[in-house]
file work38.cif (mmCIF, C-alpha atoms and all ligand atoms)
data_coords
#
loop_
_atom_site.label_atom_id
_atom_site.label_comp_id
_atom_site.auth_asym_id
_atom_site.auth_seq_id
_atom_site.Cartn_x
_atom_site.Cartn_y
_atom_site.Cartn_z
CA MET A 1 26.43 -20.09 7.82
CA LYS A 2 24.21 -18.67 10.58
CA VAL A 3 20.96 -17.18 9.27
CA LEU A 4 18.91 -14.82 11.43
CA VAL A 5 15.22 -14.83 10.44
CA THR A 6 12.82 -12.16 11.73
CA GLY A 7 9.05 -12.61 11.87
CA ALA A 8 9.46 -16.29 12.81
CA ASN A 9 5.74 -16.86 13.37
CA GLY A 10 4.60 -15.58 9.98
CA GLN A 11 3.93 -17.67 6.88
CA LEU A 12 7.35 -17.07 5.37
CA GLY A 13 9.10 -17.23 8.75
CA ALA A 14 7.65 -20.70 9.30
CA ALA A 15 8.63 -21.85 5.80
CA LEU A 16 12.19 -20.57 6.14
CA GLN A 17 12.69 -22.50 9.37
CA ARG A 18 11.75 -25.73 7.59
CA VAL A 19 13.44 -25.14 4.23
CA LEU A 20 16.80 -23.54 5.04
CA SER A 21 19.63 -26.02 5.34
CA HIS A 22 21.73 -23.59 7.38
CA ASP A 23 22.01 -22.90 11.09
CA VAL A 24 18.81 -20.85 11.55
CA VAL A 25 18.00 -18.55 14.46
CA ALA A 26 14.36 -17.54 13.94
CA LEU A 27 12.94 -14.91 16.28
CA ASP A 28 9.38 -13.70 16.68
CA ARG A 29 8.25 -10.20 17.63
CA ASN A 30 8.60 -10.93 21.37
CA GLU A 31 12.18 -12.06 20.92
CA MET A 32 13.22 -9.28 18.54
CA ASP A 33 10.97 -6.35 17.79
CA ILE A 34 12.61 -4.98 14.66
CA THR A 35 11.34 -1.46 15.40
CA ASP A 36 13.45 -1.32 18.59
CA TRP A 37 17.01 -0.31 17.67
CA ASN A 38 18.45 -1.29 21.06
CA VAL A 39 16.89 -4.74 20.89
CA VAL A 40 18.14 -5.22 17.34
CA GLN A 41 21.68 -4.32 18.38
CA GLN A 42 21.57 -6.64 21.41
CA VAL A 43 20.33 -9.57 19.31
CA PHE A 44 23.02 -9.02 16.68
CA VAL A 45 25.73 -9.05 19.36
CA ARG A 46 24.32 -12.25 20.86
CA VAL A 47 23.51 -14.17 17.63
CA LYS A 48 26.39 -12.99 15.41
CA PRO A 49 24.54 -13.77 12.15
CA ASP A 50 26.22 -14.26 8.78
CA VAL A 51 23.09 -13.18 6.90
CA VAL A 52 19.70 -11.75 7.94
CA ILE A 53 16.33 -12.48 6.30
CA ASN A 54 13.64 -9.96 7.23
CA ALA A 55 10.33 -11.83 7.05
CA ALA A 56 8.69 -9.53 9.61
CA ALA A 57 6.11 -7.08 8.33
CA PHE A 58 2.88 -5.24 8.94
CA THR A 59 0.81 -7.18 6.39
CA GLN A 60 -2.76 -6.07 7.17
CA VAL A 61 -3.25 -4.12 3.99
CA ASP A 62 -6.62 -2.56 4.85
CA VAL A 63 -5.72 -1.79 8.47
CA ALA A 64 -2.61 0.04 7.25
CA GLU A 65 -4.77 2.70 5.58
CA GLU A 66 -5.89 3.76 9.08
CA GLU A 67 -2.79 2.76 11.02
CA LYS A 68 -0.22 4.47 8.85
CA THR A 69 2.37 5.06 11.58
CA PRO A 70 2.64 1.42 12.76
CA ALA A 71 2.80 0.28 9.12
CA TYR A 72 5.78 2.59 8.46
CA GLN A 73 7.40 1.78 11.82
CA ILE A 74 7.49 -1.93 10.99
CA ASN A 75 7.85 -1.95 7.19
CA ALA A 76 10.21 1.02 6.83
CA LEU A 77 11.88 1.80 10.16
CA GLY A 78 12.20 -1.91 11.07
CA ALA A 79 13.83 -2.61 7.72
CA ARG A 80 16.14 0.39 8.22
CA ASN A 81 17.24 -0.87 11.64
CA LEU A 82 18.14 -4.25 10.14
CA ALA A 83 19.90 -2.58 7.21
CA LEU A 84 22.02 -0.49 9.59
CA ALA A 85 22.84 -3.47 11.81
CA THR A 86 23.79 -5.73 8.89
CA ALA A 87 25.79 -2.96 7.21
CA ALA A 88 27.77 -2.45 10.43
CA LEU A 89 28.73 -6.16 10.37
CA GLU A 90 29.26 -6.10 6.58
CA ILE A 91 26.85 -9.01 6.12
CA PRO A 92 24.04 -9.42 3.56
CA ILE A 93 20.36 -8.74 4.19
CA VAL A 94 17.32 -10.17 2.45
CA GLN A 95 14.44 -7.70 2.57
CA VAL A 96 11.15 -9.30 1.52
CA SER A 97 8.83 -6.97 -0.35
CA THR A 98 5.64 -7.02 -2.35
CA ASP A 99 3.85 -6.57 -5.67
CA TYR A 100 1.91 -3.77 -3.92
CA VAL A 101 4.84 -1.44 -4.64
CA PHE A 102 3.38 -1.30 -8.18
CA ASP A 103 0.24 0.54 -9.23
CA GLY A 104 -0.96 -2.46 -11.21
CA LEU A 105 -2.41 -0.32 -13.97
CA GLY A 106 -0.65 -2.20 -16.78
CA HIS A 107 -1.45 -5.48 -18.47
CA LYS A 108 1.97 -7.12 -18.76
CA PRO A 109 3.93 -9.10 -16.17
CA LEU A 110 6.12 -6.79 -14.09
CA HIS A 111 9.87 -7.35 -13.91
CA GLU A 112 12.53 -5.99 -11.59
CA TYR A 113 13.18 -2.84 -13.66
CA ASP A 114 9.55 -1.74 -13.87
CA VAL A 115 9.01 1.43 -11.89
CA PRO A 116 7.18 1.17 -8.55
CA ASN A 117 4.26 3.48 -7.87
CA PRO A 118 2.38 2.27 -4.79
CA ARG A 119 -1.25 3.24 -4.32
CA SER A 120 -1.75 2.02 -0.75
CA VAL A 121 -0.12 2.81 2.60
CA TYR A 122 1.06 -0.80 2.82
CA GLY A 123 2.69 -0.61 -0.62
CA ALA A 124 4.28 2.77 0.11
CA SER A 125 5.63 1.60 3.48
CA LYS A 126 7.12 -1.52 1.89
CA LEU A 127 8.74 0.59 -0.83
CA ALA A 128 10.20 2.85 1.88
CA GLY A 129 11.63 -0.32 3.47
CA GLU A 130 13.18 -1.36 0.15
CA GLN A 131 14.75 2.07 -0.25
CA ALA A 132 16.16 2.10 3.28
CA VAL A 133 17.80 -1.29 2.79
CA THR A 134 19.09 -0.47 -0.69
CA SER A 135 20.66 2.80 0.41
CA LEU A 136 22.14 1.59 3.70
CA ASN A 137 23.56 -1.86 2.92
CA PRO A 138 25.11 -2.56 -0.49
CA GLN A 139 24.89 -6.29 0.26
CA HIS A 140 21.12 -6.42 -0.20
CA PHE A 141 18.65 -8.77 -1.80
CA ILE A 142 15.26 -7.12 -2.27
CA VAL A 143 12.89 -10.03 -2.86
CA ARG A 144 9.43 -9.04 -4.08
CA THR A 145 6.78 -11.70 -3.80
CA ALA A 146 2.97 -11.82 -3.99
CA TRP A 147 -0.21 -13.51 -2.79
CA LEU A 148 1.59 -15.72 -0.24
CA PHE A 149 -0.02 -18.85 1.18
CA HIS A 150 1.11 -21.67 3.44
CA VAL A 151 -0.36 -24.29 5.76
CA HIS A 152 0.88 -22.02 8.58
CA GLY A 153 -0.68 -18.61 9.17
CA ASN A 154 -3.64 -16.83 7.65
CA ASN A 155 -4.15 -16.42 3.94
CA PHE A 156 -6.69 -16.25 1.13
CA LEU A 157 -6.76 -20.01 0.47
CA LYS A 158 -7.62 -20.74 4.09
CA THR A 159 -10.36 -18.12 3.96
CA MET A 160 -11.80 -19.78 0.85
CA CYS A 161 -11.71 -23.21 2.55
CA GLY A 162 -13.66 -21.67 5.45
CA LEU A 163 -16.34 -20.26 3.11
CA ALA A 164 -16.96 -23.54 1.27
CA ASP A 165 -20.11 -24.39 3.27
CA ARG A 166 -21.94 -21.35 1.87
CA PRO A 167 -24.49 -21.72 -0.94
CA GLU A 168 -22.09 -19.85 -3.23
CA VAL A 169 -18.80 -17.97 -2.96
CA ARG A 170 -18.33 -14.65 -4.75
CA VAL A 171 -14.73 -13.92 -5.73
CA VAL A 172 -13.06 -11.03 -7.53
CA SER A 173 -12.17 -11.94 -11.09
CA ASP A 174 -10.62 -8.68 -12.35
CA GLN A 175 -7.47 -8.58 -10.16
CA PHE A 176 -4.53 -10.64 -11.37
CA GLY A 177 -1.41 -11.63 -9.45
CA SER A 178 1.09 -14.40 -8.80
CA PRO A 179 -0.02 -16.80 -6.04
CA THR A 180 3.06 -18.02 -4.17
CA PHE A 181 3.51 -21.05 -1.92
CA ALA A 182 5.68 -19.78 0.96
CA PRO A 183 8.05 -22.82 0.91
CA HIS A 184 8.74 -22.20 -2.81
CA LEU A 185 9.73 -18.63 -1.89
CA ALA A 186 11.89 -19.91 0.97
CA GLN A 187 13.70 -22.24 -1.47
CA ALA A 188 14.34 -19.33 -3.83
CA ILE A 189 15.74 -17.24 -0.97
CA GLU A 190 18.03 -20.11 0.01
CA GLN A 191 19.38 -20.17 -3.57
CA LEU A 192 19.84 -16.40 -3.59
CA ILE A 193 21.84 -16.19 -0.39
CA GLU A 194 24.35 -18.66 -1.82
CA THR A 195 25.21 -15.98 -4.41
CA GLN A 196 26.68 -12.52 -4.06
CA ALA A 197 24.43 -11.22 -6.81
CA TYR A 198 22.89 -8.41 -4.81
CA GLY A 199 19.93 -6.53 -6.21
CA VAL A 200 16.18 -6.68 -6.70
CA TYR A 201 14.44 -9.99 -7.45
CA HIS A 202 10.89 -10.97 -8.28
CA CYS A 203 10.23 -14.35 -6.66
CA ALA A 204 6.61 -15.41 -7.05
CA GLY A 205 4.69 -18.46 -8.26
CA ARG A 206 5.15 -18.79 -12.02
CA GLY A 207 2.22 -17.61 -14.12
CA GLY A 208 -0.69 -15.42 -13.19
CA ALA A 209 -4.22 -15.88 -11.94
CA SER A 210 -7.19 -13.93 -10.70
CA TRP A 211 -8.54 -14.55 -7.22
CA TYR A 212 -11.46 -16.27 -8.98
CA GLU A 213 -9.18 -18.61 -10.94
CA LEU A 214 -7.19 -19.37 -7.81
CA THR A 215 -10.36 -20.29 -5.92
CA LYS A 216 -11.63 -22.46 -8.79
CA HIS A 217 -8.33 -24.36 -8.84
CA LEU A 218 -8.37 -24.82 -5.06
CA TYR A 219 -11.96 -26.06 -4.98
CA ALA A 220 -11.37 -28.43 -7.92
CA LEU A 221 -8.42 -30.02 -6.10
CA LEU A 222 -10.46 -30.33 -2.90
CA LYS A 223 -13.51 -31.59 -4.84
CA ILE A 224 -15.58 -28.77 -3.35
CA LYS A 225 -18.75 -28.32 -5.40
CA THR A 226 -19.73 -24.87 -4.02
CA PRO A 227 -20.41 -22.54 -6.97
CA VAL A 228 -17.76 -19.85 -7.38
CA VAL A 229 -19.26 -16.64 -8.80
CA PRO A 230 -16.93 -14.13 -10.50
CA VAL A 231 -17.46 -10.54 -9.34
CA SER A 232 -15.75 -7.23 -10.05
CA THR A 233 -13.54 -5.23 -7.69
CA ALA A 234 -16.24 -2.55 -7.68
CA GLU A 235 -18.59 -5.05 -6.02
CA PHE A 236 -16.07 -5.60 -3.18
CA PRO A 237 -14.98 -2.13 -2.01
CA ARG A 238 -12.04 -2.30 0.41
CA PRO A 239 -10.16 0.47 2.27
CA ALA A 240 -6.88 -0.20 0.44
CA GLU A 241 -6.62 -0.09 -3.32
CA ARG A 242 -5.26 -3.34 -4.76
CA PRO A 243 -3.13 -3.52 -7.92
CA ARG A 244 -5.43 -4.63 -10.75
CA TYR A 245 -2.62 -6.46 -12.54
CA SER A 246 0.55 -7.30 -10.63
CA VAL A 247 1.69 -10.61 -12.08
CA LEU A 248 5.43 -10.77 -11.36
CA THR A 249 8.09 -12.10 -13.70
CA THR A 250 11.88 -12.06 -13.53
CA ILE A 251 14.61 -10.96 -15.88
CA GLN A 252 17.23 -10.61 -13.16
CA GLU A 253 20.34 -12.82 -13.30
CA PRO A 254 20.79 -15.38 -11.90
CA ARG A 255 17.29 -16.26 -13.05
CA ILE A 256 15.58 -17.93 -10.12
CA VAL A 257 12.20 -19.12 -11.32
CA LEU A 258 9.66 -20.55 -8.89
CA PRO A 259 7.37 -23.51 -9.74
CA PRO A 260 4.00 -22.68 -11.32
CA TRP A 261 1.48 -21.35 -8.78
CA GLN A 262 -0.76 -24.38 -9.40
CA GLU A 263 1.95 -26.66 -7.97
CA GLY A 264 1.99 -24.52 -4.85
CA VAL A 265 -1.78 -24.90 -4.44
CA GLU A 266 -1.43 -28.67 -4.90
CA SER A 267 1.19 -28.79 -2.15
CA PHE A 268 -1.04 -26.67 0.09
CA VAL A 269 -3.97 -29.04 -0.48
CA ILE A 270 -2.02 -32.14 0.54
CA GLY A 271 -0.91 -30.23 3.62
CA LEU A 272 2.73 -30.22 2.68
CA ASP A 273 4.48 -28.71 5.67
CA LEU A 274 7.84 -27.64 4.31
N1 LIG B 1 1.07 -12.32 2.76
C1 LIG B 1 1.15 -11.95 1.48
O1 LIG B 1 0.25 -12.23 0.66
C2 LIG B 1 2.37 -11.21 0.98
C3 LIG B 1 2.38 -10.80 -0.35
C4 LIG B 1 3.51 -10.11 -0.82
C5 LIG B 1 4.58 -9.86 0.02
N2 LIG B 1 4.51 -10.26 1.31
C6 LIG B 1 5.66 -9.98 2.17
O2 LIG B 1 6.23 -11.22 2.53
C7 LIG B 1 6.78 -11.13 3.84
C8 LIG B 1 6.25 -12.25 4.69
O3 LIG B 1 4.83 -12.16 4.73
P1 LIG B 1 3.95 -13.19 5.57
O4 LIG B 1 2.72 -13.48 4.77
O5 LIG B 1 4.80 -14.32 6.04
O6 LIG B 1 3.54 -12.24 6.77
P2 LIG B 1 2.78 -12.64 8.11
O7 LIG B 1 2.30 -14.04 8.05
O8 LIG B 1 1.81 -11.54 8.39
O9 LIG B 1 3.96 -12.59 9.19
C9 LIG B 1 4.59 -11.40 9.52
C10 LIG B 1 5.24 -11.61 10.85
O10 LIG B 1 5.93 -10.40 11.20
C11 LIG B 1 5.77 -10.25 12.59
N3 LIG B 1 6.00 -8.87 13.01
C12 LIG B 1 5.17 -7.82 12.89
N4 LIG B 1 5.72 -6.73 13.45
C13 LIG B 1 6.93 -7.10 13.92
C14 LIG B 1 7.97 -6.42 14.60
N5 LIG B 1 7.87 -5.13 14.91
N6 LIG B 1 9.08 -7.11 14.92
C15 LIG B 1 9.19 -8.42 14.62
N7 LIG B 1 8.23 -9.13 13.99
C16 LIG B 1 7.11 -8.47 13.64
C17 LIG B 1 4.36 -10.69 12.87
O11 LIG B 1 4.23 -10.98 14.23
P3 LIG B 1 2.82 -10.79 14.97
O12 LIG B 1 2.00 -11.95 14.51
O13 LIG B 1 3.20 -10.85 16.41
O14 LIG B 1 2.27 -9.48 14.53
C18 LIG B 1 4.24 -11.91 11.97
O15 LIG B 1 4.61 -13.10 12.64
C19 LIG B 1 6.46 -9.71 4.32
O16 LIG B 1 7.55 -8.88 4.05
C20 LIG B 1 5.30 -9.29 3.46
O17 LIG B 1 5.24 -7.88 3.31
C21 LIG B 1 3.44 -10.94 1.81
#
call {"tool": "encode", "arguments": {"input": "work38.cif", "output": "structure tokens"}}
result
Amino acid sequence: MKVLVTGANGQLGAALQRVLSHDVVALDRNEMDITDWNVVQQVFVRVKPDVVINAAAFTQVDVAEEEKTPAYQINALGARNLALATAALEIPIVQVSTDYVFDGLGHKPLHEYDVPNPRSVYGASKLAGEQAVTSLNPQHFIVRTAWLFHVHGNNFLKTMCGLADRPEVRVVSDQFGSPTFAPHLAQAIEQLIETQAYGVYHCAGRGGASWYELTKHLYALLKIKTPVVPVSTAEFPRPAERPRYSVLTTIQEPRIVLPPWQEGVESFVIGLDL
């Protein structure tokens, strides 16, 4: 099976290239800009994929509040182009999405049938991408994940490692999500594409944590003694609203459950390059 992966240089793109056991053609933005319909068509003719995994995205959540058009061009129009191209070939597409499609106002883990209600441009643009893929290609896997980290790329854990030489580190303790090690997500996607069970899936590190708890766990594993001070969201105003509680769970069959998020952090700490 030939798998075409977009966004090859991102965290998930890197993980997919290492984890997938199939024939993988992974292309970065220079090789295939997903917003360019002509380029997408040319690549499909050349590569002749059997399945496409869209790991490309505009992921700068705060920047998206100002740069609404580029966010929609990549997260919605780019997804639509890939949905049209895969539908024309009658092949499946995996569209990776986010917990930011939810408002995060509840207090219970969110499953696949909870109703999205994004409160940021990023979340709304990703939901538009989901809808484009769902409506245009019946052979779709919508894979929502959260709080991604990997040894490749930029992420919260790397930022926290970089701040460890400060006298103290202040971290938000009233936002809860599901930290996810990108290779664990890549493994889940590999399992999914072996099935024909199309639909929406929540694939995120098992269990929930606040950013504060995540940082405490990371520092404990690294034996970093820097004090971690819990602070509220109100003390850290950001342009984009974050979901307060967006821990993801799954009830979708076949149940694909990722390892606990703590295992992902442990793998990150030993530099596991999957
Ligand atoms: N990061 C998270 O915490 C998180 C949480 C939930 C869901 N997700 C979702 O998970 C997926 C993977 O995220 P990630 O963390 O791996 O993202 P990432 O590290 O930011 O990588 C995204 C990649 O997409 C590429 N890209 C951007 N515009 C493109 C275009 N027009 N055509 C082709 N490629 C383009 C980027 O290339 P450039 O570097 O050249 O811009 C980048 O390499 C995304 O769908 C994201 O929305 C991420």
call {"tool": "residues_near_ligand", "arguments": {"input": "work38.cif", "ligand": "ligand LIG 1 (chain B)", "cutoff": "8 Å", "atoms": "all atoms listed in the file", "output": "PyMOL selection string"}}
result
chain A and resi 6-14+27-36+54-60+73-75+78+95-100+126+144-149+153-155+182
call {"tool": "closest_residue", "arguments": {"input": "work38.cif", "among": "A:Pro254, A:Cys203, A:Leu136, A:Lys225", "to": "Asp165 (chain A)", "atoms": "all atoms listed in the file"}}
result
A:Lys225
call {"tool": "atom_distance", "arguments": {"input": "work38.cif", "atom1": "CA of Val171 (chain A)", "atom2": "CA of Phe268 (chain A)"}}
result
19.6 Å
call {"tool": "atom_distance", "arguments": {"input": "work38.cif", "atom1": "CA of Gly106 (chain A)", "atom2": "CA of Glu65 (chain A)"}}
result
23.3 Å
call {"tool": "atom_distance", "arguments": {"input": "work38.cif", "atom1": "CA of Pro230 (chain A)", "atom2": "CA of Lys216 (chain A)"}}
result
10.0 Å
call {"tool": "closest_residue", "arguments": {"input": "work38.cif", "among": "A:Asp114, A:Glu263, A:Asp62, A:Asp50", "to": "Leu214 (chain A)", "atoms": "all atoms listed in the file"}}
result
A:Glu263
call {"tool": "closest_residue", "arguments": {"input": "work38.cif", "among": "A:Ala85, A:Val25, A:Ile251, A:Leu105", "to": "Phe44 (chain A)", "atoms": "only C-alpha atoms"}}
result
A:Ala85
